[in-house]
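run06.txt follows (compact mmCIF, C-alpha atoms):
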```
# COMPACT_ATOMS: atom_id res chain seq x y z
CA MET A 1 -20.68 36.38 -18.85
CA THR A 2 -20.99 40.10 -18.49
CA ASP A 3 -23.89 42.07 -19.87
CA GLU A 4 -21.51 43.32 -22.49
CA MET A 5 -21.10 39.72 -23.65
CA LYS A 6 -24.78 38.86 -23.83
CA PRO A 7 -26.35 38.86 -27.26
CA PRO A 8 -28.62 41.88 -27.35
CA THR A 9 -32.12 41.70 -28.74
CA ARG A 10 -31.76 42.28 -32.42
CA LEU A 11 -32.76 45.72 -33.52
CA ILE A 12 -34.96 44.25 -36.22
CA GLN A 13 -37.02 42.61 -33.47
CA GLY A 14 -36.94 45.52 -31.07
CA ALA A 15 -39.86 47.81 -30.60
CA GLU A 16 -38.05 50.91 -29.48
CA ASP A 17 -37.14 52.30 -32.86
CA ALA A 18 -39.73 51.65 -35.52
CA TYR A 19 -37.91 53.69 -38.14
CA LEU A 20 -34.68 51.77 -37.75
CA ARG A 21 -36.63 48.54 -37.80
CA GLU A 22 -38.19 49.62 -41.06
CA LEU A 23 -34.74 50.26 -42.53
CA LEU A 24 -33.45 46.89 -41.38
CA ASP A 25 -36.55 45.15 -42.67
CA ALA A 26 -35.97 46.72 -46.05
CA GLY A 27 -32.37 45.52 -46.02
CA ALA A 28 -33.25 42.01 -44.89
CA GLY A 29 -36.00 41.75 -47.45
CA GLU A 30 -33.75 42.27 -50.44
CA LEU A 31 -33.38 38.83 -51.87
CA PRO A 32 -32.80 38.12 -55.53
CA GLY A 33 -35.71 37.15 -57.67
CA ASP A 34 -35.94 33.96 -59.64
CA ASP A 35 -34.69 35.67 -62.78
CA ALA A 36 -31.57 36.91 -61.05
CA MET A 37 -30.86 33.50 -59.57
CA GLN A 38 -31.36 31.90 -62.95
CA ARG A 39 -28.87 34.27 -64.51
CA LEU A 40 -26.42 33.52 -61.76
CA ALA A 41 -26.99 29.77 -62.08
CA THR A 42 -26.29 30.10 -65.79
CA LYS A 43 -23.06 31.92 -65.16
CA LEU A 44 -22.07 29.33 -62.59
CA LEU A 45 -23.07 26.34 -64.63
CA PRO A 46 -19.47 25.25 -65.15
CA ILE A 47 -19.08 25.19 -61.40
CA ILE A 48 -22.41 24.05 -60.08
CA GLY A 49 -22.90 21.84 -63.06
CA GLY A 50 -26.05 20.45 -64.44
CA ALA A 51 -25.66 17.45 -62.21
CA GLY A 52 -24.29 19.09 -59.13
CA GLY A 53 -21.57 16.59 -58.47
CA ALA A 54 -21.45 13.55 -56.25
CA GLY A 55 -24.21 13.27 -53.76
CA GLY A 56 -26.18 16.04 -55.25
CA ALA A 57 -27.69 14.39 -58.21
CA SER A 58 -31.07 14.11 -56.64
CA ALA A 59 -31.17 17.78 -55.88
CA ALA A 60 -29.72 18.89 -59.13
CA GLY A 61 -31.44 17.67 -62.15
CA ALA A 62 -29.56 15.91 -64.82
CA GLY A 63 -29.48 17.43 -68.21
CA GLY A 64 -32.40 16.66 -70.36
CA ALA A 65 -32.31 14.98 -73.67
CA GLY A 66 -30.05 16.83 -75.99
CA ALA A 67 -29.12 19.15 -73.22
CA GLY A 68 -25.72 20.05 -72.00
CA THR A 69 -24.74 18.37 -68.81
CA GLY A 70 -22.01 19.95 -66.80
CA ALA A 71 -20.10 18.04 -64.23
CA ILE A 72 -17.69 19.32 -61.73
CA VAL A 73 -15.81 17.05 -59.45
CA THR A 74 -14.96 18.91 -56.34
CA GLY A 75 -13.22 15.94 -54.88
CA ALA A 76 -14.98 16.65 -51.68
CA ALA A 77 -16.53 13.25 -51.62
CA THR A 78 -13.24 11.47 -51.53
CA GLY A 79 -11.15 13.54 -49.19
CA THR A 80 -8.01 12.76 -51.12
CA ALA A 81 -5.23 14.96 -52.27
CA GLY A 82 -5.63 13.98 -55.84
CA LYS A 83 -9.06 15.44 -56.02
CA MET A 84 -7.77 18.78 -57.03
CA VAL A 85 -7.54 18.16 -60.71
CA LEU A 86 -7.92 21.53 -62.28
CA GLY A 87 -8.54 22.67 -58.77
CA ALA A 88 -11.13 19.99 -58.65
CA VAL A 89 -12.63 21.55 -61.65
CA VAL A 90 -12.81 18.73 -64.03
CA ILE A 91 -14.20 20.84 -66.69
CA ALA A 92 -16.13 18.20 -68.41
CA LEU A 93 -19.02 20.31 -69.18
CA ALA A 94 -21.34 21.44 -71.76
CA VAL A 95 -21.97 25.06 -71.55
CA GLY A 96 -23.03 27.80 -73.82
CA VAL A 97 -20.07 30.08 -73.75
CA ALA A 98 -20.40 33.55 -75.06
CA GLY A 99 -23.00 32.56 -77.51
CA ILE A 100 -21.32 29.36 -78.55
CA ALA A 101 -23.27 26.30 -77.75
CA VAL A 102 -21.34 23.17 -77.00
CA LYS A 103 -23.10 19.92 -76.74
CA ALA A 104 -21.30 17.36 -74.71
CA THR A 105 -21.72 14.49 -72.42
CA SER A 106 -19.37 13.87 -69.64
CA THR A 107 -18.74 11.60 -66.77
CA SER A 108 -16.35 12.28 -63.97
CA THR A 109 -15.21 9.93 -61.31
CA SER A 110 -13.07 10.54 -58.29
CA THR A 111 -11.44 7.56 -56.73
CA SER A 112 -10.01 6.95 -53.33
CA THR A 113 -6.55 6.52 -54.75
CA SER A 114 -5.93 10.17 -55.30
CA THR A 115 -6.90 10.18 -58.86
CA SER A 116 -9.69 11.71 -60.72
CA THR A 117 -10.67 10.47 -64.04
CA SER A 118 -12.79 12.21 -66.47
CA THR A 119 -13.98 11.35 -69.84
CA SER A 120 -15.43 13.98 -71.92
CA THR A 121 -16.63 14.07 -75.40
CA SER A 122 -17.52 17.33 -76.90
CA THR A 123 -19.06 18.05 -80.18
CA SER A 124 -19.27 21.59 -81.23
CA THR A 125 -22.39 22.46 -83.00
CA THR A 126 -23.54 25.48 -84.76
CA THR A 127 -26.73 25.54 -82.84
CA SER A 128 -27.13 28.74 -80.97
CA THR A 129 -29.16 27.35 -78.16
CA SER A 130 -28.50 24.79 -75.55
CA THR A 131 -30.30 23.85 -72.44
CA ALA A 132 -29.24 22.41 -69.19
CA THR A 133 -30.87 21.79 -65.92
CA ALA A 134 -29.59 23.08 -62.68
CA THR A 135 -30.92 22.81 -59.21
CA THR A 136 -34.44 23.17 -58.04
CA ALA A 137 -35.05 21.69 -54.66
CA PRO A 138 -35.96 23.97 -51.80
CA THR A 139 -33.83 23.92 -48.76
CA SER A 140 -33.65 25.45 -45.39
CA THR A 141 -33.44 29.09 -44.66
CA ALA A 142 -30.80 29.99 -42.22
CA ALA A 143 -31.27 33.67 -41.95
CA LEU A 144 -33.24 35.56 -39.42
CA THR A 145 -35.76 36.69 -41.89
CA GLU A 146 -37.56 34.45 -44.23
CA PRO A 147 -36.94 35.36 -47.80
CA SER A 148 -39.66 37.25 -49.48
CA THR A 149 -38.91 35.26 -52.55
CA SER A 150 -38.72 31.59 -51.89
CA PRO A 151 -35.46 30.07 -52.97
CA SER A 152 -37.39 26.93 -53.73
CA THR A 153 -38.08 28.07 -57.21
CA PHE A 154 -34.55 28.65 -58.37
CA PRO A 155 -32.45 27.95 -60.11
CA SER A 156 -34.71 26.43 -62.61
CA PRO A 157 -33.12 25.01 -65.68
CA PRO A 158 -31.10 27.77 -67.18
CA THR A 159 -31.34 28.20 -70.85
CA PHE A 160 -28.85 29.73 -73.15
CA ALA A 161 -31.13 31.28 -75.65
CA SER A 162 -29.48 34.61 -75.07
CA PRO A 163 -26.31 34.14 -73.13
CA SER A 164 -24.58 37.27 -72.10
CA PRO A 165 -21.47 37.72 -74.18
CA SER A 166 -19.96 39.78 -71.42
CA SER A 167 -20.03 37.13 -68.71
CA PRO A 168 -16.40 37.32 -67.67
CA PRO A 169 -15.58 33.85 -66.39
CA GLU A 170 -17.08 31.94 -69.23
CA PRO A 171 -14.36 32.66 -71.72
CA GLU A 172 -11.86 31.82 -69.00
CA ILE A 173 -13.51 28.51 -68.42
CA ALA A 174 -13.69 27.79 -72.10
CA MET A 175 -9.97 28.40 -72.47
CA LEU A 176 -9.12 26.22 -69.52
CA GLN A 177 -11.45 23.53 -70.67
CA ARG A 178 -9.42 23.25 -73.84
CA ALA A 179 -6.19 23.20 -71.87
CA GLN A 180 -7.52 20.54 -69.54
CA ASP A 181 -8.74 18.46 -72.45
CA SER A 182 -5.31 18.69 -74.07
CA LEU A 183 -3.37 17.61 -71.00
CA ARG A 184 -3.47 13.90 -71.63
CA SER A 185 -2.89 13.76 -75.31
CA ASN A 186 -0.89 16.89 -75.94
CA PRO A 187 0.69 18.52 -72.88
CA SER A 188 2.61 20.91 -75.07
CA LEU A 189 -0.64 22.26 -76.43
CA ALA A 190 -2.10 22.33 -72.91
CA LEU A 191 0.82 24.43 -71.72
CA SER A 192 0.43 26.77 -74.64
CA GLN A 193 -3.28 27.14 -73.91
CA ALA A 194 -2.62 27.75 -70.24
CA ASN A 195 -0.12 30.42 -71.18
CA ASP A 196 -2.65 31.97 -73.52
CA HIS A 197 -5.03 32.14 -70.60
CA ARG A 198 -2.35 33.78 -68.49
CA LYS A 199 -1.89 36.47 -71.11
CA LYS A 200 -5.58 37.15 -71.38
CA TYR A 201 -6.54 36.70 -67.74
CA PRO A 202 -3.42 37.17 -65.65
CA ASP A 203 -5.52 37.62 -62.54
CA GLY A 204 -8.57 35.75 -63.67
CA LEU A 205 -10.91 33.92 -61.37
CA LEU A 206 -9.45 30.65 -62.48
CA ALA A 207 -5.82 31.75 -62.42
CA GLN A 208 -4.99 29.15 -59.78
CA GLU A 209 -6.52 26.35 -61.81
CA ARG A 210 -4.57 27.53 -64.84
CA GLU A 211 -1.31 27.30 -62.98
CA VAL A 212 -2.09 23.76 -61.86
CA ILE A 213 -2.65 22.79 -65.48
CA ALA A 214 0.58 24.49 -66.52
CA VAL A 215 2.62 22.72 -63.85
CA GLU A 216 1.11 19.39 -64.77
CA ALA A 217 1.84 20.03 -68.43
CA LEU A 218 5.44 20.95 -67.68
CA GLU A 219 5.87 17.77 -65.65
CA LYS A 220 4.44 15.69 -68.45
CA LEU A 221 6.85 17.34 -70.86
CA GLY A 222 9.77 16.44 -68.61
CA ARG A 223 10.49 20.06 -67.81
CA GLY A 224 10.71 19.46 -64.10
CA ALA A 225 12.80 22.50 -63.26
CA GLU A 226 10.31 24.82 -64.90
CA ALA A 227 7.46 23.01 -63.19
CA ASP A 228 9.24 23.53 -59.88
CA GLN A 229 9.70 27.20 -60.57
CA ARG A 230 6.12 27.71 -61.56
CA ALA A 231 4.84 25.76 -58.57
CA ALA A 232 7.08 27.78 -56.25
CA ALA A 233 5.78 30.99 -57.77
CA PHE A 234 2.26 29.71 -57.20
CA VAL A 235 2.95 29.11 -53.51
CA ARG A 236 4.40 32.58 -53.12
CA ARG A 237 1.37 34.11 -54.73
CA TYR A 238 -1.30 31.91 -53.18
CA PRO A 239 0.19 30.73 -49.92
CA GLY A 240 -3.12 29.50 -48.53
CA SER A 241 -4.34 27.80 -51.65
CA SER A 242 -5.88 24.38 -51.44
CA HIS A 243 -4.10 23.53 -54.70
CA ILE A 244 -0.71 23.40 -53.04
CA SER A 245 -1.08 19.79 -52.01
CA ARG A 246 -1.94 18.88 -55.58
CA LEU A 247 1.07 20.80 -56.87
CA SER A 248 3.30 19.08 -54.32
CA THR A 249 2.13 15.77 -55.69
CA LEU A 250 2.82 16.91 -59.23
CA VAL A 251 6.35 18.13 -58.59
CA GLY A 252 7.10 15.26 -56.25
CA HIS A 253 8.06 17.18 -53.14
CA ALA A 254 6.52 19.35 -50.49
CA LEU A 255 6.04 22.96 -51.40
CA MET B 1 -13.28 1.60 -43.87
CA GLU B 2 -12.69 5.27 -43.23
CA LEU B 3 -15.20 6.94 -41.02
CA GLN B 4 -16.81 10.02 -42.45
CA THR B 5 -17.02 12.70 -39.81
CA HIS B 6 -18.97 15.01 -42.01
CA THR B 7 -20.21 15.06 -45.53
CA THR B 8 -18.99 17.86 -47.67
CA PRO B 9 -21.75 19.18 -49.85
CA ASN B 10 -21.20 19.98 -53.46
CA VAL B 11 -21.16 23.47 -54.85
CA ALA B 12 -24.59 23.10 -56.38
CA ALA B 13 -26.08 22.32 -52.99
CA VAL B 14 -24.30 25.28 -51.43
CA PHE B 15 -25.55 27.53 -54.18
CA LYS B 16 -29.07 26.27 -53.83
CA GLU B 17 -29.19 26.72 -50.09
CA HIS B 18 -27.15 29.85 -49.61
CA GLY B 19 -27.26 31.69 -52.93
CA PRO B 20 -29.97 34.20 -51.99
CA TYR B 21 -28.29 35.03 -48.70
CA VAL B 22 -24.93 35.44 -50.34
CA TRP B 23 -26.59 37.96 -52.61
CA ARG B 24 -28.20 39.82 -49.73
CA VAL B 25 -25.18 39.98 -47.50
CA LEU B 26 -23.03 41.22 -50.35
CA ARG B 27 -25.49 44.02 -50.97
CA ARG B 28 -25.42 45.06 -47.31
CA LEU B 29 -21.64 44.86 -47.34
CA GLY B 30 -21.48 47.51 -50.01
CA VAL B 31 -21.67 45.67 -53.31
CA ARG B 32 -23.61 47.71 -55.80
CA GLU B 33 -26.69 46.23 -57.36
CA SER B 34 -25.06 46.39 -60.77
CA ASP B 35 -22.08 44.39 -59.51
CA VAL B 36 -23.72 41.91 -57.20
CA GLU B 37 -24.11 39.13 -59.74
CA ASP B 38 -20.45 39.24 -60.62
CA VAL B 39 -19.38 39.33 -57.00
CA CYS B 40 -21.73 36.44 -56.19
CA GLN B 41 -19.99 34.59 -58.94
CA GLU B 42 -16.64 35.29 -57.33
CA VAL B 43 -17.93 33.97 -54.03
CA PHE B 44 -19.00 30.69 -55.55
CA VAL B 45 -15.76 30.28 -57.45
CA VAL B 46 -14.01 30.57 -54.09
CA VAL B 47 -16.53 28.18 -52.54
CA HIS B 48 -15.84 25.73 -55.31
CA ARG B 49 -12.11 26.13 -54.93
CA ARG B 50 -12.06 25.69 -51.19
CA LEU B 51 -14.96 23.38 -50.52
CA ALA B 52 -12.75 20.34 -50.25
CA ASP B 53 -10.96 22.08 -47.38
CA PHE B 54 -14.15 22.70 -45.46
CA GLU B 55 -13.72 20.59 -42.37
CA GLY B 56 -17.05 21.14 -40.71
CA ARG B 57 -15.55 22.92 -37.71
CA SER B 58 -17.98 25.73 -38.28
CA SER B 59 -21.34 25.51 -39.93
CA LEU B 60 -21.34 25.68 -43.67
CA ARG B 61 -23.38 28.86 -43.43
CA THR B 62 -20.73 30.52 -41.30
CA TRP B 63 -18.03 29.36 -43.65
CA VAL B 64 -19.85 30.78 -46.67
CA TYR B 65 -20.45 34.06 -44.88
CA GLY B 66 -16.74 34.24 -44.12
CA ILE B 67 -16.03 33.98 -47.84
CA CYS B 68 -18.59 36.71 -48.49
CA ILE B 69 -16.91 38.97 -45.95
CA ARG B 70 -13.54 38.61 -47.62
CA THR B 71 -14.88 38.88 -51.15
CA ALA B 72 -16.87 42.01 -50.34
CA SER B 73 -13.84 43.48 -48.63
CA ASP B 74 -11.76 42.87 -51.74
CA TYR B 75 -14.51 44.42 -53.82
CA ARG B 76 -14.57 47.56 -51.70
CA LYS B 77 -10.80 47.83 -51.91
CA ARG B 78 -10.94 47.54 -55.68
CA ALA B 79 -13.61 50.22 -55.77
CA VAL B 80 -11.47 52.49 -53.61
CA HIS B 81 -8.58 51.84 -55.93
CA ARG B 82 -10.74 52.84 -58.87
CA ARG B 83 -12.04 55.76 -56.82
CA GLU B 84 -15.59 54.60 -57.28
CA VAL B 85 -18.34 55.71 -54.99
CA LEU B 86 -20.17 52.61 -53.83
CA THR B 87 -23.70 53.82 -53.81
CA ASP B 88 -26.53 52.79 -56.00
CA GLU B 89 -28.57 55.24 -57.93
CA PRO B 90 -30.96 56.95 -55.52
CA PRO B 91 -34.52 55.80 -56.00
CA GLU B 92 -37.14 58.19 -57.18
CA LEU B 93 -39.19 60.03 -54.66
CA VAL B 94 -42.09 58.09 -53.27
CA SER B 95 -45.16 58.88 -55.23
CA ALA B 96 -48.84 58.09 -55.18
CA SER B 97 -48.27 55.76 -58.12
CA ASP B 98 -46.41 53.36 -55.89
CA PRO B 99 -49.24 51.52 -54.24
CA HIS B 100 -47.10 48.62 -53.04
CA GLY B 101 -44.56 50.84 -51.42
CA GLU B 102 -41.71 49.52 -53.52
CA LEU B 103 -40.14 52.92 -53.85
CA ALA B 104 -40.46 53.46 -50.13
CA THR B 105 -38.69 50.17 -49.55
CA LYS B 106 -35.96 51.13 -51.97
CA ARG B 107 -35.50 54.42 -50.25
CA ALA B 108 -35.35 52.73 -46.87
CA ARG B 109 -32.77 50.34 -48.23
CA ALA B 110 -30.73 53.17 -49.69
CA THR B 111 -30.82 54.96 -46.35
CA LEU B 112 -29.73 51.79 -44.57
CA ASP B 113 -26.87 51.26 -46.98
CA ARG B 114 -25.75 54.84 -46.54
CA ILE B 115 -25.68 54.33 -42.80
CA LEU B 116 -23.85 51.04 -43.11
CA ALA B 117 -21.31 52.63 -45.42
CA SER B 118 -20.52 55.16 -42.71
CA LEU B 119 -19.31 52.36 -40.42
CA ASP B 120 -15.81 51.06 -40.63
CA ASP B 121 -15.52 47.61 -42.16
CA ASP B 122 -15.11 45.67 -38.93
CA LYS B 123 -18.20 47.13 -37.34
CA ARG B 124 -20.21 46.91 -40.51
CA GLU B 125 -19.48 43.23 -40.97
CA VAL B 126 -20.43 42.32 -37.41
CA PHE B 127 -23.56 44.46 -37.53
CA VAL B 128 -24.76 43.04 -40.84
CA LEU B 129 -24.19 39.43 -39.88
CA TYR B 130 -25.86 39.80 -36.50
CA GLU B 131 -28.63 42.28 -37.14
CA ILE B 132 -29.61 41.46 -40.71
CA GLU B 133 -28.43 37.94 -41.40
CA GLY B 134 -29.41 36.71 -37.97
CA LEU B 135 -26.24 34.82 -37.12
CA GLY B 136 -25.41 34.11 -33.52
CA MET B 137 -22.48 36.00 -32.09
CA ALA B 138 -20.24 32.94 -32.06
CA GLU B 139 -20.94 32.49 -35.76
CA VAL B 140 -20.41 36.17 -36.45
CA CYS B 141 -17.04 36.07 -34.78
CA GLU B 142 -16.07 32.92 -36.62
CA ALA B 143 -17.03 34.41 -39.98
CA THR B 144 -15.21 37.66 -39.27
CA SER B 145 -12.25 35.95 -37.61
CA CYS B 146 -12.37 37.94 -34.42
CA PRO B 147 -12.51 36.96 -30.75
CA LEU B 148 -15.92 36.91 -29.15
CA GLN B 149 -15.24 39.86 -26.92
CA THR B 150 -14.04 41.91 -29.85
CA GLY B 151 -17.15 40.93 -31.76
CA TYR B 152 -19.38 42.16 -28.98
CA SER B 153 -17.47 45.41 -28.72
CA ARG B 154 -17.84 45.98 -32.43
CA LEU B 155 -21.52 45.13 -32.31
CA HIS B 156 -22.25 47.52 -29.45
CA ALA B 157 -20.30 50.30 -31.12
CA ALA B 158 -21.98 49.66 -34.47
CA ARG B 159 -25.45 49.62 -32.94
CA ALA B 160 -24.88 52.96 -31.27
CA LEU B 161 -23.61 54.50 -34.49
CA VAL B 162 -26.43 53.05 -36.56
CA GLN B 163 -29.09 54.19 -34.10
CA GLU B 164 -27.66 57.68 -34.07
CA ALA B 165 -27.45 57.81 -37.86
CA ALA B 166 -30.98 56.46 -38.22
CA GLN B 167 -32.27 59.12 -35.86
CA LYS B 168 -30.54 61.75 -37.93
CA ALA B 169 -31.90 60.34 -41.18
CA ARG B 170 -35.41 60.26 -39.77
CA ASP B 171 -35.15 63.85 -38.60
CA GLU B 172 -33.88 64.95 -41.98
CA GLY B 173 -36.61 63.00 -43.71
CA SER B 174 -39.37 64.52 -41.61
CA ARG B 175 -38.06 68.04 -41.94
CA PRO B 176 -40.33 70.11 -44.19
CA SER B 177 -38.62 71.05 -47.38
```

Since I need it in another form, could you write the structure as structure tokens?
Amino acid sequence: MTDEMKPPTRLIQGAEDAYLRELLDAGAGELPGDDAMQRLATKLLPIIGGAGGAGGASAAGAGGAGAGTGAIVTGAATGTAGKMVLGAVVIALAVGVAGIAVKATSTSTSTSTSTSTSTSTSTSTTTSTSTATATTAPTSTAALTEPSTSPSTFPSPPTFASPSPSSPPEPEIAMLQRAQDSLRSNPSLALSQANDHRKKYPDGLLAQEREVIAVEALEKLGRGAEADQRAAAFVRRYPGSSHISRLSTLVGHAL
Amino acid sequence: MELQTHTTPNVAAVFKEHGPYVWRVLRRLGVRESDVEDVCQEVFVVVHRRLADFEGRSSLRTWVYGICIRTASDYRKRAVHRREVLTDEPPELVSASDPHGELATKRARATLDRILASLDDDKREVFVLYEIEGLGMAEVCEATSCPLQTGYSRLHAARALVQEAAQKARDEGSRPS
């Protein structure tokens, strides 16, 4: 190994330039406070869930009594192709969305036979508040510099007393939740809801998940050619997507 | 029974462990303070979407940083497209009413970000991951998808540029006005 290929002493640890070290210290010391992490945890509740998914229940508190409990099945625990239901987002969740509180209980189960099952019951209420618990346990710090604010104290249970109506993904998630819920009983409605999402959020964060729902709905409706077309368009647009294997299963051939 | 070679964590665990560092690295990669929550959110949507594909070939930390690199890059491109200037509001001048030096820290951070913004993306990413996030060079190169030798070249070049810019900033700061 040449000198050029040896890791140099980090500038933040070096003594030769105190001013630069001060700048780097300032940069390394900027970690979000508890309030910021709570806001973020609230925004991410549909993803990180109130229960944190398989294997994480101990670290992520379950929802309290009367609280919304979000569950996301990432499918990671099973390692099967079928885990990617709604891109593994089984949106069986209870989340305050844009000021609307939804109280729900949900259970999600991934199996080793490439299926995910989810039961979800949702009861809309007119209550304007909802609570859910997120994660709290401290974990390791991997960075060079210890955080000035310990991550051990976040995210504490986010509350939805004053949810931000401008949180962009929440309406997306709400729309897709409806579409996902409709898939089994009314694929025509699910397709319509997915298309509504496409109109409103053509390039939304959950655009890929929407397309998976739409393809599944088309298959269920017996519109295989359209499902094929939509799946092919998906592959062209997202060639590296992890949803492709799921879509291949849905359309019955490799994409 | 299938042997498990590694256990894939769930998104909540990733958020809990890496959330603060995702935030920090995004800031040093040019994401404005007012946007960082939204961009963090994007990162974790991607984490969620791709977590099942994580094969454990790299550390989870490296993998998450790789997502941050790409997400911040997309963010900067969007900002260029919108012709936005990616700088935060300059902090107020340091005053005697700042006993804890918070304004001084903010000013130092603003200076650092200005210097980092003067680097091209490749050098900036390597510099931030190595010098601020404390990754090893192998991890840096994995996260930035570049060969080790290229990573070292970028690091050396970035360090020289940063040191020169810091010297200049210090001289300007100490110049009597």

Min atom-atom distance to Arg114 of chain B from the set B:Leu26, B:Ala169, B:Ala52, B:Val36, counting all atoms listed in the file, belongs to B:Ala169

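We find atom CA of Asp113 of chain B and atom CA of Ala41 of chain A to be spaced 26.3 Å apart.
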
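Here atom CA of Arg230 of chain A is placed at a distance of 13.0 Å from atom CA of His243 of chain A.
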
Chain B near chain A within 7 Å: what's each residue's closest atom pair and its distance in Å to one decimal, counting only C-alpha atoms, ordered by chain then ascending residue number, as a tab-separated table?
```
residue	atom	partner	partner_atom	distance
B:Thr8	CA	A:Ala76	CA	5.8
B:Asn10	CA	A:Gly53	CA	6.1
B:Val11	CA	A:Ile48	CA	5.4
B:Ala12	CA	A:Ile48	CA	4.4
B:Ala13	CA	A:Gly56	CA	6.7
B:Lys16	CA	A:Thr135	CA	6.7
B:Glu17	CA	A:Thr139	CA	5.6
B:Pro20	CA	A:Leu31	CA	5.8
B:Trp23	CA	A:Pro32	CA	6.9
B:Arg24	CA	A:Leu31	CA	5.7
B:Glu37	CA	A:Leu40	CA	6.4
B:Gln41	CA	A:Leu44	CA	6.7
B:His48	CA	A:Ile47	CA	6.9
B:Arg49	CA	A:Gly87	CA	6.3
B:Arg50	CA	A:Ser242	CA	6.3
B:Leu51	CA	A:Ala76	CA	6.8
B:Ala52	CA	A:Ala76	CA	4.5
B:Asp53	CA	A:Ser242	CA	6.9
B:Thr105	CA	A:Ala26	CA	5.6
B:Ala108	CA	A:Leu23	CA	5.0
B:Arg109	CA	A:Ala26	CA	5.3
B:Leu112	CA	A:Leu23	CA	5.6
B:Glu131	CA	A:Arg10	CA	5.7
B:Ile132	CA	A:Ala28	CA	5.6
B:Glu133	CA	A:Ala143	CA	5.2
B:Gly134	CA	A:Leu144	CA	4.3
B:Met137	CA	A:Pro7	CA	6.8
B:Gln149	CA	A:Met5	CA	6.7
B:Tyr152	CA	A:Met5	CA	6.1
B:Ala166	CA	A:Leu20	CA	6.0
```

Could you turn the residues from that selection into a file that holds C-alpha atoms, as a CSV table (one decimal), in the frame of the given file?
```csv
chain,number,residue,atom,x,y,z
B,8,THR,CA,-19.0,17.9,-47.7
B,10,ASN,CA,-21.2,20.0,-53.5
B,11,VAL,CA,-21.2,23.5,-54.8
B,12,ALA,CA,-24.6,23.1,-56.4
B,13,ALA,CA,-26.1,22.3,-53.0
B,16,LYS,CA,-29.1,26.3,-53.8
B,17,GLU,CA,-29.2,26.7,-50.1
B,20,PRO,CA,-30.0,34.2,-52.0
B,23,TRP,CA,-26.6,38.0,-52.6
B,24,ARG,CA,-28.2,39.8,-49.7
B,37,GLU,CA,-24.1,39.1,-59.7
B,41,GLN,CA,-20.0,34.6,-58.9
B,48,HIS,CA,-15.8,25.7,-55.3
B,49,ARG,CA,-12.1,26.1,-54.9
B,50,ARG,CA,-12.1,25.7,-51.2
B,51,LEU,CA,-15.0,23.4,-50.5
B,52,ALA,CA,-12.8,20.3,-50.2
B,53,ASP,CA,-11.0,22.1,-47.4
B,105,THR,CA,-38.7,50.2,-49.6
B,108,ALA,CA,-35.4,52.7,-46.9
B,109,ARG,CA,-32.8,50.3,-48.2
B,112,LEU,CA,-29.7,51.8,-44.6
B,131,GLU,CA,-28.6,42.3,-37.1
B,132,ILE,CA,-29.6,41.5,-40.7
B,133,GLU,CA,-28.4,37.9,-41.4
B,134,GLY,CA,-29.4,36.7,-38.0
B,137,MET,CA,-22.5,36.0,-32.1
B,149,GLN,CA,-15.2,39.9,-26.9
B,152,TYR,CA,-19.4,42.2,-29.0
B,166,ALA,CA,-31.0,56.5,-38.2
```

Could you state the separation of atom CA of Glu16 of chain A and atom CA of Gln163 of chain B in Å, given to one decimal place?
10.6 Å

Residue contacts of Leu161 of chain B (9 Å, only C-alpha atoms) excluding same-chain residues fewer than 3 positions away, as a PDB file with C-alpha atoms, keeping the file's coordinate frame:
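The file below, result_0.pdb, is the result:
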```pdb
ATOM      1  CA  ILE B 115     -25.680  54.330 -42.800  1.00  0.00           C
ATOM      2  CA  SER B 118     -20.520  55.160 -42.710  1.00  0.00           C
ATOM      3  CA  LEU B 119     -19.310  52.360 -40.420  1.00  0.00           C
ATOM      4  CA  HIS B 156     -22.250  47.520 -29.450  1.00  0.00           C
ATOM      5  CA  ALA B 157     -20.300  50.300 -31.120  1.00  0.00           C
ATOM      6  CA  ALA B 158     -21.980  49.660 -34.470  1.00  0.00           C
ATOM      7  CA  GLU B 164     -27.660  57.680 -34.070  1.00  0.00           C
ATOM      8  CA  ALA B 165     -27.450  57.810 -37.860  1.00  0.00           C
ATOM      9  CA  ALA B 166     -30.980  56.460 -38.220  1.00  0.00           C
TER      10      ALA B 166
END
```

Show which residues sit within 9 Å of Tyr75 of chain B, as a list of chain:residue names. Count only C-alpha atoms, and ignore same-chain residues fewer than 3 positions away.
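Near Tyr75 of chain B, the qualifying residues are B:Gly30, B:Val31, B:Val39, B:Arg70, B:Thr71, B:Ala72, B:Arg78, B:Ala79, B:Val80.
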
Between A:Glu172, A:Val251, A:Val235, A:Gly240, single out the one closest to Asp203 of chain A, counting only C-alpha atoms.
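Smallest separation from Asp203 of chain A among the options: A:Glu172.
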
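Around the coordinate (-21.8, 44.4, -41.7), residues that reach within 9 Å when counting all atoms listed in the file are Val25, Arg28, Leu29, Gly30, Ile69, Leu116, Leu119, Asp121, Asp122, Lys123, Arg124, Glu125, Val126, Phe127, Val128, Leu129, Tyr130, Glu131, Ile132 and Ala158 of chain B.
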
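Counting only C-alpha atoms and comparing B:Ala104, B:Ala160, B:Cys40, B:Val140, the residue that lies closest to Trp63 of chain B is B:Val140.
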
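The point (-24.3, 26.8, -45.6) has these residues within 7 Å of it when all atoms listed in the file are used: Val14, Glu17, His18, Ser59, Leu60, Arg61, Thr62 and Val64 of chain B.
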
Put the listed atoms of segment 38-52 of chain B in a box along x, y and z with 8 Å added on every side and give me the centre and edge lengths in Å to one decimal, as JSON.
```
{"center_x": -16.9, "center_y": 29.8, "center_z": -55.4, "size_x": 25.7, "size_y": 35.0, "size_z": 26.4}
```
